[in-house]
Amino acid sequence: MSDLSQVSLPEDKPLAIAGRIYRSRLLVGTGKYKDMNEAARAIESSGAEMVTVAVRRTNLGQNPGEPNLLDVISPDQYTILPNTAGCYTAKDAIRTCKLARELLDGHNLVKLEVLGEEKTLYPNMTETLIAAEALVQDGFEVMVYCSDDPLLAKRLEEIGCIAIMPLGAPIGSGLGIQNRYNIRLIVENARVPVLVDAGVGTASDATIAMELGCDGVLMNTAIAHASDPVRMADAMRLAIEAGRQSYLAGRMPRKRYASASSPLDGTFF
């Protein structure tokens, strides 16, 4: 009989980003909802404490007289994570981060994403590396959307990014985690939080990401495009919690053959 007491279980480290501890490991977006009210209700149901906002597509005060998202998603309640969605060059991404810092009174925490082309929204890693280095040097705390290349992920960490965010599948695809081996390698090599960003379609996908050892998951479309976004947000909250608990508990070994649930060793007939 194996001695389960000798099995090394993962350390239960809290999720720490930019000097703050987060209870929730689910990060959510604010786009694609039918209106701001639905977004607010879904975000509340998700239990998320960090909310990402596309600066180029959302009014954070740069358009006076128009509805301001910050009137619904209060910075007093949530950590606002401005992102560079829609940027295709390092130059545009850097400019967008500087705009966000100005709009949010010196806020340095940003999510960097530099896209390659419109069909896949796959990250342009050459431009991402250029932007990441410039932003870190300028004092930004950079969480970075990236490919699932373990070497490039490590390079972003070395540059000074505070969180690595590999895609599980293309943005908005809902295909689920298609690259488990690569994501697991990134997790094993990282000394900063690793969060799956993009590809989640349903609650089981979020659980898989957490069972791989990821520190969290960021999602938007999976919730916003559900038939009932508020209910799906709650499902995602529970899935993240279950996946984290499963990862910490340590799964049973995979075996090629059956093993009786009630062994007969030591029994008498």
# chains A, B, ... in the order shown; residues from 1 in each chain; ligands from 1
>>> residues_around(residues="Gln62 in chain A", least_positions_apart="2", cutoff="10 Å", atoms="only C-alpha atoms", output="list of chain:residue names")
A:Val55, A:Thr58, A:Asn59, A:Leu60, A:Pro64, A:Gly65, A:Glu66, A:Asn68, A:Leu99, A:Ala100, A:Glu102, A:Leu103
>>> write_last_selection(atoms="all heavy atoms", output="short mmCIF file (atom, residue, chain, number, x, y, z; two decimals), in the first residue's frame")
data_model
loop_
_atom_site.label_atom_id
_atom_site.label_comp_id
_atom_site.auth_asym_id
_atom_site.auth_seq_id
_atom_site.Cartn_x
_atom_site.Cartn_y
_atom_site.Cartn_z
N VAL A 55 -9.71 50.35 -22.34
CA VAL A 55 -9.63 51.81 -22.32
C VAL A 55 -10.06 52.41 -23.65
O VAL A 55 -10.71 53.46 -23.69
CB VAL A 55 -8.19 52.25 -21.98
CG1 VAL A 55 -8.08 53.77 -21.98
CG2 VAL A 55 -7.77 51.69 -20.62
N THR A 58 -14.16 51.96 -23.82
CA THR A 58 -15.02 52.24 -22.66
C THR A 58 -14.78 53.65 -22.18
O THR A 58 -13.63 54.11 -22.11
CB THR A 58 -14.71 51.25 -21.51
OG1 THR A 58 -14.81 49.91 -22.01
CG2 THR A 58 -15.69 51.43 -20.37
N ASN A 59 -15.85 54.33 -21.82
CA ASN A 59 -15.71 55.69 -21.29
C ASN A 59 -15.38 55.64 -19.80
O ASN A 59 -16.18 55.19 -18.99
CB ASN A 59 -17.00 56.48 -21.50
CG ASN A 59 -16.86 57.91 -21.01
OD1 ASN A 59 -15.77 58.48 -21.04
ND2 ASN A 59 -17.97 58.48 -20.55
N LEU A 60 -14.19 56.11 -19.46
CA LEU A 60 -13.77 56.21 -18.07
C LEU A 60 -13.67 57.67 -17.64
O LEU A 60 -13.04 57.99 -16.63
CB LEU A 60 -12.40 55.53 -17.88
CG LEU A 60 -12.33 54.04 -18.19
CD1 LEU A 60 -10.92 53.52 -18.01
CD2 LEU A 60 -13.29 53.26 -17.31
N PRO A 64 -16.84 63.31 -21.69
CA PRO A 64 -17.81 63.96 -20.80
C PRO A 64 -19.21 63.95 -21.41
O PRO A 64 -19.40 64.13 -22.61
CB PRO A 64 -17.27 65.39 -20.69
CG PRO A 64 -15.81 65.28 -21.03
CD PRO A 64 -15.73 64.20 -22.06
N GLY A 65 -20.21 63.71 -20.55
CA GLY A 65 -21.59 63.71 -21.02
C GLY A 65 -22.09 62.34 -21.42
O GLY A 65 -23.30 62.16 -21.60
N GLU A 66 -21.18 61.36 -21.58
CA GLU A 66 -21.59 60.00 -21.91
C GLU A 66 -21.56 59.13 -20.65
O GLU A 66 -20.87 59.46 -19.68
CB GLU A 66 -20.65 59.41 -22.97
CG GLU A 66 -20.69 60.13 -24.31
CD GLU A 66 -19.80 59.47 -25.34
OE1 GLU A 66 -19.29 58.35 -25.06
OE2 GLU A 66 -19.60 60.06 -26.41
N ASN A 68 -20.54 56.80 -17.88
CA ASN A 68 -19.19 56.46 -17.40
C ASN A 68 -19.26 55.13 -16.65
O ASN A 68 -20.02 54.99 -15.68
CB ASN A 68 -18.69 57.57 -16.48
CG ASN A 68 -17.24 57.39 -16.07
OD1 ASN A 68 -16.72 56.27 -16.01
ND2 ASN A 68 -16.56 58.49 -15.76
N LEU A 99 -2.71 56.88 -21.12
CA LEU A 99 -4.03 57.50 -21.03
C LEU A 99 -4.78 56.98 -19.81
O LEU A 99 -5.40 57.74 -19.07
CB LEU A 99 -4.82 57.22 -22.30
CG LEU A 99 -6.30 57.65 -22.29
CD1 LEU A 99 -6.43 59.15 -22.10
CD2 LEU A 99 -7.00 57.20 -23.58
N ALA A 100 -4.71 55.67 -19.59
CA ALA A 100 -5.39 55.07 -18.43
C ALA A 100 -4.83 55.63 -17.14
O ALA A 100 -5.59 55.93 -16.20
CB ALA A 100 -5.23 53.55 -18.47
N GLU A 102 -3.57 58.52 -16.65
CA GLU A 102 -4.06 59.89 -16.51
C GLU A 102 -5.52 59.90 -16.06
O GLU A 102 -5.91 60.67 -15.16
CB GLU A 102 -3.91 60.62 -17.84
CG GLU A 102 -4.37 62.06 -17.81
CD GLU A 102 -4.19 62.76 -19.14
OE1 GLU A 102 -3.34 62.31 -19.94
OE2 GLU A 102 -4.89 63.76 -19.39
N LEU A 103 -6.35 59.05 -16.67
CA LEU A 103 -7.77 59.02 -16.33
C LEU A 103 -8.03 58.51 -14.92
O LEU A 103 -9.00 58.90 -14.27
CB LEU A 103 -8.51 58.14 -17.34
CG LEU A 103 -8.63 58.67 -18.77
CD1 LEU A 103 -9.19 57.59 -19.68
CD2 LEU A 103 -9.51 59.91 -18.82
#
>>> closest_residue(among="A:Arg180, A:Arg191, A:Lys119, A:Lys111", to="Tyr145 in chain A", atoms="only C-alpha atoms")
A:Lys111
>>> residues_around(residues="Glu49 in chain A", least_positions_apart="6", cutoff="8 Å", atoms="only C-alpha atoms", output="list in words")
Tyr22, Arg23, Ser24, Leu26, Leu27, Gln77, Tyr78 and Thr79 of chain A
>>> residues_around(residues="Lys32 in chain A", least_positions_apart="4", cutoff="12 Å", atoms="only C-alpha atoms", output="count of residues only")
19
>>> select_by_dssp(residues="range 39-175 of chain A", states="strand (DSSP E or B)", output="short mmCIF file (atom, residue, chain, number, x, y, z; two decimals) with N, CA and C atoms, in the first residue's frame")
data_model
loop_
_atom_site.label_atom_id
_atom_site.label_comp_id
_atom_site.auth_asym_id
_atom_site.auth_seq_id
_atom_site.Cartn_x
_atom_site.Cartn_y
_atom_site.Cartn_z
N MET A 50 -11.30 42.11 -8.99
CA MET A 50 -10.57 42.85 -10.01
C MET A 50 -11.34 42.78 -11.32
N VAL A 51 -11.54 43.94 -11.92
CA VAL A 51 -12.35 44.06 -13.13
C VAL A 51 -11.53 44.76 -14.20
N THR A 52 -11.44 44.14 -15.38
CA THR A 52 -10.65 44.72 -16.45
C THR A 52 -11.52 45.52 -17.41
N VAL A 53 -10.96 46.63 -17.89
CA VAL A 53 -11.70 47.58 -18.72
C VAL A 53 -10.89 47.94 -19.95
N ALA A 54 -11.49 47.84 -21.13
CA ALA A 54 -10.83 48.21 -22.38
C ALA A 54 -10.85 49.72 -22.52
N THR A 79 -10.84 46.60 -7.85
CA THR A 79 -9.59 47.04 -8.47
C THR A 79 -9.84 47.13 -9.97
N ILE A 80 -9.67 48.31 -10.52
CA ILE A 80 -9.87 48.52 -11.95
C ILE A 80 -8.56 48.18 -12.67
N LEU A 81 -8.67 47.29 -13.65
CA LEU A 81 -7.51 46.86 -14.43
C LEU A 81 -7.69 47.34 -15.87
N PRO A 82 -7.19 48.52 -16.21
CA PRO A 82 -7.30 48.98 -17.60
C PRO A 82 -6.48 48.10 -18.52
N ASN A 83 -7.03 47.81 -19.69
CA ASN A 83 -6.30 46.95 -20.64
C ASN A 83 -6.17 47.63 -22.00
N LEU A 109 -1.35 50.00 -12.42
CA LEU A 109 -1.63 48.60 -12.72
C LEU A 109 -2.37 48.50 -14.05
N VAL A 110 -1.80 47.76 -15.00
CA VAL A 110 -2.42 47.64 -16.33
C VAL A 110 -2.33 46.20 -16.82
N LYS A 111 -3.23 45.88 -17.75
CA LYS A 111 -3.14 44.61 -18.46
C LYS A 111 -2.72 44.93 -19.90
N LEU A 112 -1.56 44.42 -20.27
CA LEU A 112 -1.01 44.66 -21.60
C LEU A 112 -1.43 43.55 -22.55
N LEU A 115 -2.13 42.75 -30.05
CA LEU A 115 -2.67 41.72 -30.91
C LEU A 115 -1.94 41.66 -32.25
N PRO A 123 -1.78 36.98 -29.66
CA PRO A 123 -0.83 38.02 -29.26
C PRO A 123 0.36 38.13 -30.20
N GLU A 141 2.89 48.62 -13.46
CA GLU A 141 2.82 47.24 -12.97
C GLU A 141 2.03 46.45 -14.00
N VAL A 142 2.73 45.61 -14.75
CA VAL A 142 2.18 45.04 -15.98
C VAL A 142 1.76 43.58 -15.80
N MET A 143 0.47 43.34 -16.02
CA MET A 143 -0.05 41.98 -16.19
C MET A 143 -0.16 41.78 -17.69
N VAL A 144 0.37 40.68 -18.22
CA VAL A 144 0.55 40.61 -19.67
C VAL A 144 -0.11 39.39 -20.30
N TYR A 145 -0.96 39.65 -21.29
CA TYR A 145 -1.57 38.62 -22.13
C TYR A 145 -0.51 38.13 -23.11
N CYS A 146 -0.36 36.81 -23.20
CA CYS A 146 0.73 36.29 -24.02
C CYS A 146 0.37 34.94 -24.62
N ALA A 163 2.46 39.62 -13.56
CA ALA A 163 1.59 38.45 -13.76
C ALA A 163 1.64 38.05 -15.23
N ILE A 164 1.67 36.74 -15.48
CA ILE A 164 1.72 36.19 -16.82
C ILE A 164 0.35 35.61 -17.15
N MET A 165 -0.18 35.94 -18.35
CA MET A 165 -1.56 35.58 -18.67
C MET A 165 -1.64 34.89 -20.03
N PRO A 166 -1.25 33.62 -20.11
CA PRO A 166 -1.31 32.90 -21.39
C PRO A 166 -2.75 32.60 -21.80
#
>>> select_by_dssp(residues="range 142-212 of chain A", states="helix (DSSP H, G or I)", output="MDAnalysis selection string")
chainID A and resid 150:159 180:189 203:211
>>> residues_around(residues="range 230-242 of chain A", least_positions_apart="3", cutoff="6 Å", atoms="only C-alpha atoms", output="PyMOL selection string")
chain A and resi 42+45-46+203+206-207+223+245
>>> residues_around(residues="Ile183 in chain A", least_positions_apart="2", cutoff="12 Å", atoms="only C-alpha atoms", output="short mmCIF file (atom, residue, chain, number, x, y, z; two decimals) with all heavy atoms, in the first residue's frame")
data_model
loop_
_atom_site.label_atom_id
_atom_site.label_comp_id
_atom_site.auth_asym_id
_atom_site.auth_seq_id
_atom_site.Cartn_x
_atom_site.Cartn_y
_atom_site.Cartn_z
N CYS A 146 -0.36 36.81 -23.20
CA CYS A 146 0.73 36.29 -24.02
C CYS A 146 0.37 34.94 -24.62
O CYS A 146 -0.66 34.33 -24.29
CB CYS A 146 2.01 36.17 -23.19
SG CYS A 146 1.90 35.04 -21.79
N SER A 147 1.24 34.47 -25.50
CA SER A 147 1.09 33.13 -26.07
C SER A 147 1.43 32.09 -25.00
O SER A 147 1.86 32.43 -23.89
CB SER A 147 2.01 32.97 -27.27
OG SER A 147 3.37 32.98 -26.85
N ASP A 148 1.27 30.83 -25.34
CA ASP A 148 1.54 29.76 -24.38
C ASP A 148 2.96 29.22 -24.52
O ASP A 148 3.22 28.08 -24.16
CB ASP A 148 0.52 28.63 -24.53
CG ASP A 148 0.57 27.99 -25.91
OD1 ASP A 148 1.27 28.52 -26.79
OD2 ASP A 148 -0.10 26.96 -26.12
N ASP A 149 3.88 30.04 -24.99
CA ASP A 149 5.28 29.65 -25.11
C ASP A 149 5.96 29.83 -23.75
O ASP A 149 6.09 30.96 -23.27
CB ASP A 149 5.97 30.54 -26.16
CG ASP A 149 7.41 30.13 -26.43
OD1 ASP A 149 8.11 29.73 -25.48
OD2 ASP A 149 7.85 30.25 -27.59
N PRO A 150 6.41 28.75 -23.11
CA PRO A 150 7.02 28.86 -21.78
C PRO A 150 8.26 29.75 -21.75
O PRO A 150 8.51 30.43 -20.75
CB PRO A 150 7.36 27.41 -21.42
CG PRO A 150 6.43 26.58 -22.23
CD PRO A 150 6.27 27.33 -23.52
N LEU A 151 9.03 29.76 -22.83
CA LEU A 151 10.25 30.57 -22.85
C LEU A 151 9.93 32.05 -22.92
O LEU A 151 10.55 32.87 -22.23
CB LEU A 151 11.14 30.16 -24.03
CG LEU A 151 11.65 28.71 -24.01
CD1 LEU A 151 12.51 28.44 -25.24
CD2 LEU A 151 12.43 28.43 -22.74
N ALA A 153 7.10 33.38 -21.93
CA ALA A 153 6.47 33.71 -20.65
C ALA A 153 7.52 34.02 -19.59
O ALA A 153 7.39 34.97 -18.81
CB ALA A 153 5.57 32.56 -20.20
N LYS A 154 8.57 33.20 -19.57
CA LYS A 154 9.65 33.44 -18.61
C LYS A 154 10.36 34.76 -18.91
O LYS A 154 10.75 35.50 -18.00
CB LYS A 154 10.66 32.29 -18.65
CG LYS A 154 11.63 32.29 -17.48
CD LYS A 154 10.90 32.12 -16.16
CE LYS A 154 11.83 32.11 -14.97
NZ LYS A 154 11.11 32.00 -13.69
N ILE A 164 1.67 36.74 -15.48
CA ILE A 164 1.72 36.19 -16.82
C ILE A 164 0.35 35.61 -17.15
O ILE A 164 -0.21 34.85 -16.36
CB ILE A 164 2.80 35.09 -16.93
CG1 ILE A 164 4.15 35.61 -16.43
CG2 ILE A 164 2.89 34.57 -18.35
CD1 ILE A 164 4.68 36.81 -17.18
N MET A 165 -0.18 35.94 -18.35
CA MET A 165 -1.56 35.58 -18.67
C MET A 165 -1.64 34.89 -20.03
O MET A 165 -2.04 35.50 -21.02
CB MET A 165 -2.45 36.83 -18.61
CG MET A 165 -2.30 37.60 -17.31
SD MET A 165 -3.26 39.12 -17.22
CE MET A 165 -4.91 38.44 -16.99
N PRO A 166 -1.25 33.62 -20.11
CA PRO A 166 -1.31 32.90 -21.39
C PRO A 166 -2.75 32.60 -21.80
O PRO A 166 -3.61 32.35 -20.95
CB PRO A 166 -0.54 31.61 -21.10
CG PRO A 166 -0.73 31.40 -19.63
CD PRO A 166 -0.75 32.76 -19.02
N LEU A 167 -3.00 32.60 -23.10
CA LEU A 167 -4.33 32.26 -23.58
C LEU A 167 -4.54 30.75 -23.50
O LEU A 167 -3.61 29.97 -23.69
CB LEU A 167 -4.55 32.74 -25.00
CG LEU A 167 -3.94 31.98 -26.18
CD1 LEU A 167 -4.50 32.52 -27.49
CD2 LEU A 167 -2.42 32.04 -26.21
N GLY A 168 -5.78 30.36 -23.19
CA GLY A 168 -6.14 28.94 -23.23
C GLY A 168 -6.63 28.54 -24.60
O GLY A 168 -6.56 27.39 -25.00
N ALA A 169 -7.16 29.52 -25.34
CA ALA A 169 -7.65 29.39 -26.71
C ALA A 169 -7.90 30.81 -27.18
O ALA A 169 -7.83 31.75 -26.38
CB ALA A 169 -8.93 28.54 -26.76
N ILE A 177 -9.65 25.04 -22.59
CA ILE A 177 -8.20 25.01 -22.44
C ILE A 177 -7.62 24.01 -23.42
O ILE A 177 -7.67 22.80 -23.20
CB ILE A 177 -7.79 24.67 -20.99
CG1 ILE A 177 -8.58 25.51 -19.99
CG2 ILE A 177 -6.29 24.87 -20.81
CD1 ILE A 177 -8.43 27.00 -20.17
N GLN A 178 -7.05 24.51 -24.51
CA GLN A 178 -6.56 23.66 -25.59
C GLN A 178 -5.07 23.32 -25.46
O GLN A 178 -4.55 22.55 -26.26
CB GLN A 178 -6.80 24.34 -26.93
CG GLN A 178 -8.26 24.56 -27.25
CD GLN A 178 -9.02 23.26 -27.41
OE1 GLN A 178 -8.59 22.36 -28.15
NE2 GLN A 178 -10.13 23.13 -26.71
N ASN A 179 -4.39 23.89 -24.50
CA ASN A 179 -2.93 23.78 -24.42
C ASN A 179 -2.48 23.48 -22.98
O ASN A 179 -1.64 24.17 -22.43
CB ASN A 179 -2.29 25.07 -24.91
CG ASN A 179 -2.97 26.31 -24.31
OD1 ASN A 179 -3.88 26.20 -23.48
ND2 ASN A 179 -2.54 27.48 -24.72
N ARG A 180 -3.03 22.44 -22.41
CA ARG A 180 -2.80 22.15 -20.99
C ARG A 180 -1.33 21.92 -20.67
O ARG A 180 -0.83 22.38 -19.62
CB ARG A 180 -3.63 20.94 -20.56
CG ARG A 180 -5.12 21.12 -20.80
CD ARG A 180 -5.91 19.92 -20.33
NE ARG A 180 -7.29 19.98 -20.81
CZ ARG A 180 -8.23 19.12 -20.45
NH1 ARG A 180 -7.93 18.12 -19.61
NH2 ARG A 180 -9.45 19.23 -20.92
N TYR A 181 -0.63 21.23 -21.54
CA TYR A 181 0.78 20.92 -21.27
C TYR A 181 1.61 22.20 -21.19
O TYR A 181 2.40 22.39 -20.26
CB TYR A 181 1.32 19.99 -22.35
CG TYR A 181 2.79 19.65 -22.17
CD1 TYR A 181 3.20 18.77 -21.17
CD2 TYR A 181 3.75 20.21 -23.00
CE1 TYR A 181 4.55 18.47 -21.00
CE2 TYR A 181 5.10 19.91 -22.84
CZ TYR A 181 5.49 19.04 -21.84
OH TYR A 181 6.82 18.74 -21.67
N LEU A 185 3.60 23.90 -17.95
CA LEU A 185 5.02 24.26 -17.96
C LEU A 185 5.23 25.70 -17.51
O LEU A 185 6.15 26.01 -16.74
CB LEU A 185 5.62 24.07 -19.35
CG LEU A 185 5.90 22.64 -19.80
CD1 LEU A 185 6.40 22.64 -21.24
CD2 LEU A 185 6.91 21.96 -18.87
N ILE A 186 4.38 26.61 -17.97
CA ILE A 186 4.49 28.01 -17.57
C ILE A 186 4.29 28.14 -16.06
O ILE A 186 5.03 28.84 -15.38
CB ILE A 186 3.47 28.87 -18.34
CG1 ILE A 186 3.86 28.93 -19.82
CG2 ILE A 186 3.40 30.28 -17.76
CD1 ILE A 186 2.82 29.60 -20.71
N VAL A 187 3.29 27.45 -15.54
CA VAL A 187 3.02 27.48 -14.10
C VAL A 187 4.22 26.98 -13.31
O VAL A 187 4.64 27.58 -12.31
CB VAL A 187 1.76 26.65 -13.76
CG1 VAL A 187 1.62 26.46 -12.25
CG2 VAL A 187 0.51 27.32 -14.32
N GLU A 188 4.80 25.88 -13.74
CA GLU A 188 5.92 25.27 -13.02
C GLU A 188 7.15 26.17 -13.01
O GLU A 188 7.93 26.15 -12.04
CB GLU A 188 6.27 23.92 -13.64
CG GLU A 188 5.22 22.85 -13.40
CD GLU A 188 5.56 21.54 -14.11
OE1 GLU A 188 6.54 21.52 -14.88
OE2 GLU A 188 4.84 20.55 -13.87
N ASN A 189 7.33 26.97 -14.05
CA ASN A 189 8.54 27.79 -14.17
C ASN A 189 8.38 29.20 -13.62
O ASN A 189 9.37 29.93 -13.47
CB ASN A 189 8.97 27.88 -15.64
CG ASN A 189 9.46 26.55 -16.18
OD1 ASN A 189 10.01 25.75 -15.44
ND2 ASN A 189 9.23 26.31 -17.46
N ALA A 190 7.15 29.61 -13.32
CA ALA A 190 6.89 31.00 -12.96
C ALA A 190 7.08 31.28 -11.47
O ALA A 190 6.80 30.42 -10.62
CB ALA A 190 5.48 31.39 -13.37
N VAL A 194 0.25 33.21 -12.46
CA VAL A 194 -0.11 32.82 -13.82
C VAL A 194 -1.63 32.69 -13.87
O VAL A 194 -2.22 31.95 -13.09
CB VAL A 194 0.54 31.49 -14.23
CG1 VAL A 194 0.06 31.05 -15.61
CG2 VAL A 194 2.05 31.60 -14.20
N LEU A 195 -2.23 33.43 -14.80
CA LEU A 195 -3.69 33.42 -14.94
C LEU A 195 -4.05 33.12 -16.38
O LEU A 195 -3.53 33.76 -17.29
CB LEU A 195 -4.29 34.77 -14.53
CG LEU A 195 -3.99 35.27 -13.11
CD1 LEU A 195 -2.78 36.18 -13.11
CD2 LEU A 195 -5.19 36.00 -12.52
N VAL A 196 -4.92 32.15 -16.59
CA VAL A 196 -5.40 31.89 -17.95
C VAL A 196 -6.26 33.06 -18.40
O VAL A 196 -7.14 33.52 -17.67
CB VAL A 196 -6.20 30.57 -18.01
CG1 VAL A 196 -7.05 30.52 -19.28
CG2 VAL A 196 -5.26 29.38 -17.99
N ASP A 197 -5.98 33.54 -19.59
CA ASP A 197 -6.70 34.69 -20.13
C ASP A 197 -7.14 34.35 -21.55
O ASP A 197 -6.31 34.25 -22.45
CB ASP A 197 -5.76 35.91 -20.13
CG ASP A 197 -6.42 37.15 -20.70
OD1 ASP A 197 -7.65 37.12 -20.91
OD2 ASP A 197 -5.71 38.13 -20.94
N ILE A 208 -10.70 23.35 -14.98
CA ILE A 208 -9.49 22.74 -15.55
C ILE A 208 -8.30 23.68 -15.41
O ILE A 208 -7.20 23.26 -15.04
CB ILE A 208 -9.72 22.35 -17.02
CG1 ILE A 208 -10.67 21.15 -17.11
CG2 ILE A 208 -8.41 22.04 -17.73
CD1 ILE A 208 -11.16 20.85 -18.49
N ALA A 209 -8.50 24.95 -15.71
CA ALA A 209 -7.41 25.92 -15.59
C ALA A 209 -6.86 25.95 -14.16
O ALA A 209 -5.64 25.97 -13.95
CB ALA A 209 -7.89 27.31 -16.00
N MET A 210 -7.75 25.92 -13.20
CA MET A 210 -7.31 25.95 -11.81
C MET A 210 -6.65 24.64 -11.40
O MET A 210 -5.69 24.64 -10.62
CB MET A 210 -8.50 26.26 -10.89
CG MET A 210 -9.15 27.61 -11.12
SD MET A 210 -7.97 29.00 -11.03
CE MET A 210 -7.47 28.88 -9.32
N GLU A 211 -7.12 23.52 -11.92
CA GLU A 211 -6.51 22.23 -11.60
C GLU A 211 -5.12 22.09 -12.19
O GLU A 211 -4.32 21.28 -11.71
CB GLU A 211 -7.41 21.09 -12.08
CG GLU A 211 -8.68 20.94 -11.26
CD GLU A 211 -9.58 19.83 -11.75
OE1 GLU A 211 -9.54 19.50 -12.95
OE2 GLU A 211 -10.35 19.28 -10.92
N LEU A 212 -4.81 22.87 -13.21
CA LEU A 212 -3.46 22.90 -13.77
C LEU A 212 -2.49 23.66 -12.86
O LEU A 212 -1.29 23.63 -13.10
CB LEU A 212 -3.48 23.54 -15.16
CG LEU A 212 -4.15 22.73 -16.27
CD1 LEU A 212 -4.27 23.57 -17.53
CD2 LEU A 212 -3.35 21.46 -16.56
N GLY A 213 -3.02 24.32 -11.85
CA GLY A 213 -2.17 25.06 -10.94
C GLY A 213 -2.15 26.55 -11.19
O GLY A 213 -1.37 27.28 -10.55
N CYS A 214 -2.99 27.04 -12.10
CA CYS A 214 -3.03 28.48 -12.36
C CYS A 214 -3.51 29.21 -11.11
O CYS A 214 -4.28 28.68 -10.31
CB CYS A 214 -3.96 28.78 -13.53
SG CYS A 214 -3.33 28.21 -15.11
N ASP A 215 -3.05 30.44 -10.99
CA ASP A 215 -3.42 31.25 -9.82
C ASP A 215 -4.78 31.91 -9.98
O ASP A 215 -5.35 32.39 -9.00
CB ASP A 215 -2.35 32.31 -9.58
CG ASP A 215 -1.00 31.70 -9.24
OD1 ASP A 215 -0.83 31.29 -8.08
OD2 ASP A 215 -0.14 31.60 -10.13
#
>>> residues_around(residues="Ser173 in chain A", least_positions_apart="5", cutoff="8 Å", atoms="only C-alpha atoms", output="PDB file with C-alpha atoms, in the first residue's frame")
ATOM      1  CA  ALA A 198      -9.017  33.886 -23.052  1.00  0.00           C
ATOM      2  CA  GLY A 199     -10.704  30.736 -24.324  1.00  0.00           C
ATOM      3  CA  VAL A 200     -12.898  29.758 -21.374  1.00  0.00           C
ATOM      4  CA  GLY A 201     -16.409  28.840 -22.493  1.00  0.00           C
TER       5      GLY A 201
END
>>> atom_distance(atom1="CA of His107 in chain A", atom2="CA of Arg155 in chain A")
24.6 Å
>>> decode(residues="range 126-138 of chain A", atoms="N, CA and C atoms", output="short mmCIF file (atom, residue, chain, number, x, y, z; two decimals), in the first residue's frame")
data_model
loop_
_atom_site.label_atom_id
_atom_site.label_comp_id
_atom_site.auth_asym_id
_atom_site.auth_seq_id
_atom_site.Cartn_x
_atom_site.Cartn_y
_atom_site.Cartn_z
N THR A 126 6.36 39.79 -30.39
CA THR A 126 7.47 40.72 -30.62
C THR A 126 7.12 42.10 -30.10
N GLU A 127 5.93 42.59 -30.46
CA GLU A 127 5.47 43.90 -29.99
C GLU A 127 5.15 43.87 -28.49
N THR A 128 4.65 42.75 -28.01
CA THR A 128 4.35 42.62 -26.58
C THR A 128 5.61 42.79 -25.74
N LEU A 129 6.69 42.15 -26.15
CA LEU A 129 7.95 42.25 -25.40
C LEU A 129 8.48 43.69 -25.41
N ILE A 130 8.37 44.37 -26.54
CA ILE A 130 8.82 45.76 -26.63
C ILE A 130 8.00 46.64 -25.69
N ALA A 131 6.68 46.48 -25.73
CA ALA A 131 5.80 47.30 -24.90
C ALA A 131 6.00 47.00 -23.42
N ALA A 132 6.14 45.72 -23.08
CA ALA A 132 6.31 45.34 -21.68
C ALA A 132 7.56 45.99 -21.09
N GLU A 133 8.65 45.93 -21.83
CA GLU A 133 9.90 46.50 -21.32
C GLU A 133 9.77 48.00 -21.12
N ALA A 134 9.16 48.69 -22.07
CA ALA A 134 9.00 50.15 -21.96
C ALA A 134 8.09 50.52 -20.80
N LEU A 135 7.00 49.79 -20.63
CA LEU A 135 6.05 50.11 -19.56
C LEU A 135 6.64 49.85 -18.19
N VAL A 136 7.35 48.74 -18.02
CA VAL A 136 7.98 48.45 -16.73
C VAL A 136 8.99 49.54 -16.39
N GLN A 137 9.77 49.97 -17.36
CA GLN A 137 10.75 51.02 -17.13
C GLN A 137 10.08 52.35 -16.76
N ASP A 138 8.83 52.52 -17.21
CA ASP A 138 8.09 53.75 -16.92
C ASP A 138 7.30 53.66 -15.62
#
